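Novice: Take a look at this one; I'll ask things after.
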Amino acid sequence: MNNSFLTIAMPKGRIFEEAAELLRRAGFRLPPEFDDSRKLILEVEEENLRFILAKPMDVVTYVEHGVADIGIAGKDVMLEEERDVYELLDLKISACYLAVAGLPGTKISDIAPKIASKYPNVASSYFREQGEQVEIIKLNGSIELAPLIGLAERIVDIVSTGRTLKENGLVEYAKIANVTSRLVANPVSYRIKEARITEIVERLAEIIE
């Protein structure tokens, strides 16, 4: 592999599409086939960039361990993972928020209510701040199912439009934090490749509204 490349970890899916569009608007020449490729590692030689496509939760892991110099990660992942990376820029894409939700009219029990989430650390911190002792159940998908089948009294999950909650008969009880995608860097890469990373930050900052 060419060591002159700057390696960027990107999440697959909607964030990837929005981030690729942002990079193009900032003047980076990404080929059209870039968006449709099934490859997990993509190299753009004319820009000296290498992209690693990963699951959103894994991006900060790759950056922390230095296999990627920089990455694009949701603030939700940053809050949950607490990794040793530098947060350089709010890209203001893929806006959503973390919220507490459940069935309407249900009261939380006094003794250690059950909270289902794929963000156990965020959920635990939030309820601790509220002075409530809860039992956290970690799930990896279909969090909305938990209150419907009696697994949990509340869920903590990402909300973008609120449609999924509504379609499953759930209501929002509290908003925890706003979430957008952030540009993050490995601390060692940032020192070694500071000029290159700073150039990318400045070019992106110029076009972010």
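Lettering and numbering for the structure tokens are positional, with chains as A, B, ... in the shown order, residues counted from 1 in each chain, and ligands counted from 1 in the shown order.
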Residues at most 12 Å from Arg38 in chain A, counting only C-alpha atoms, excluding those fewer than 2 positions away in the same chain, as JSON, numbers by chain?
Specialist: {"A": [12, 13, 33, 34, 35, 36, 40, 41, 42, 52, 53, 54]}
Novice: Got a sec: who's within 12 Å of Glu46 in chain A, counting only C-alpha atoms, leaving out chain neighbours fewer than 5 positions off, as a ChimeraX atom specification?
Specialist: /A:4-6,28-31
Novice: Write a file of the selected residues as a PDB file, in the first residue's frame, keeping N, CA and C atoms.
Specialist:
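This went into selection33.pdb:
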```pdb
ATOM      1  N   SER A   4       1.935   7.304   1.019  1.00  0.00           N
ATOM      2  CA  SER A   4       1.642   8.729   0.831  1.00  0.00           C
ATOM      3  C   SER A   4       0.131   9.004   0.871  1.00  0.00           C
ATOM      4  N   PHE A   5      -0.649   7.932   0.812  1.00  0.00           N
ATOM      5  CA  PHE A   5      -2.096   8.079   0.880  1.00  0.00           C
ATOM      6  C   PHE A   5      -2.536   8.511   2.272  1.00  0.00           C
ATOM      7  N   LEU A   6      -3.560   9.348   2.313  1.00  0.00           N
ATOM      8  CA  LEU A   6      -4.236   9.645   3.578  1.00  0.00           C
ATOM      9  C   LEU A   6      -5.450   8.718   3.617  1.00  0.00           C
ATOM     10  N   PHE A  28     -12.824  17.867  -4.011  1.00  0.00           N
ATOM     11  CA  PHE A  28     -12.104  16.588  -4.134  1.00  0.00           C
ATOM     12  C   PHE A  28     -12.690  15.800  -5.304  1.00  0.00           C
ATOM     13  N   ARG A  29     -11.800  15.292  -6.157  1.00  0.00           N
ATOM     14  CA  ARG A  29     -12.246  14.596  -7.371  1.00  0.00           C
ATOM     15  C   ARG A  29     -12.470  13.118  -7.080  1.00  0.00           C
ATOM     16  N   LEU A  30     -13.703  12.781  -6.762  1.00  0.00           N
ATOM     17  CA  LEU A  30     -14.060  11.390  -6.512  1.00  0.00           C
ATOM     18  C   LEU A  30     -14.748  10.852  -7.764  1.00  0.00           C
ATOM     19  N   PRO A  31     -14.301   9.715  -8.284  1.00  0.00           N
ATOM     20  CA  PRO A  31     -14.897   9.186  -9.516  1.00  0.00           C
ATOM     21  C   PRO A  31     -16.362   8.797  -9.318  1.00  0.00           C
TER      22      PRO A  31
END
```
Novice: Which residue is closest to Tyr173 in chain A? Choose from A:Lys92, A:Lys107, A:Arg50, A:His65 and count only C-alpha atoms.
Specialist: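 The shortest atom-to-atom distance to Tyr173 in chain A comes from A:Lys107.
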Novice: For Pro113 in chain A, find every residue with an atom within 7 Å (counting only C-alpha atoms), except residues of its own chain fewer than 5 positions away, and show them as a list in words.
Specialist: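 My reading of the contact set: Ile108, Val134, Glu135 and Glu153 of chain A.
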Novice: My list of candidates is A:Ala95, A:Ala177, A:Ala116, A:Leu204. Which is closest to Thr161 in chain A when distances are computed with only C-alpha atoms?
Specialist: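 The closest residue to Thr161 in chain A is A:Ala95.
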Novice: Out of A:Thr198, A:Ile93, A:Ser189, A:Leu145, which residue has the shortest atom-to-atom distance to Glu18 in chain A when counting only C-alpha atoms?
Specialist: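 Under the stated criterion, the closest residue is A:Ile93.
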Novice: Residues within 7 Å of Pro147 in chain A, please, as a PDB file with C-alpha atoms, in the first residue's frame. Count only C-alpha atoms; anything in the same chain fewer than 6 positions from it doesn't count.
Specialist:
```pdb
ATOM      1  CA  GLY A 102     -41.835   4.121  24.997  1.00  0.00           C
ATOM      2  CA  LEU A 103     -45.500   3.225  24.820  1.00  0.00           C
ATOM      3  CA  GLU A 153     -40.300  -0.075  29.583  1.00  0.00           C
ATOM      4  CA  ARG A 154     -38.301   2.505  27.639  1.00  0.00           C
TER       5      ARG A 154
END
```
Novice: Running DSSP on the backbone, which parts of range 34-207 of chain A land in strand (DSSP E), as a ChimeraX atom specification?
Specialist: /A:41-44,49-54,70-74,86-90,96-102,114-117,135-138,154-159,171-179,181-185
Novice: Would you work out the distance separating CA of Tyr62 in chain A from CA of Gly27 in chain A, expressed in Å to one decimal?
Specialist: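 Those two atoms sit 25.4 Å apart.
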Novice: Let me make sure I understand: among A:Leu98, A:Arg128, A:Val44, A:Gln133, which one has the smallest atom-to-atom distance to Gly162 in chain A if we use only C-alpha atoms?
Specialist: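 Using only C-alpha atoms, the shortest distance to Gly162 in chain A belongs to A:Leu98.
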Novice: If DSSP is run on the backbone, what residues of range 116-175 of chain A are helix (DSSP H, G or I)? A reply as an MDAnalysis selection string would be ideal.
Specialist: chainID A and resid 120:129 145:148 163:167
Novice: For Ser117 in chain A, which residue among A:Ala68, A:Met78, A:Leu151, A:Leu22 is the nearest when counting only C-alpha atoms?
Specialist: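 Checking each candidate against Ser117 in chain A, we get A:Leu151 as the closest.
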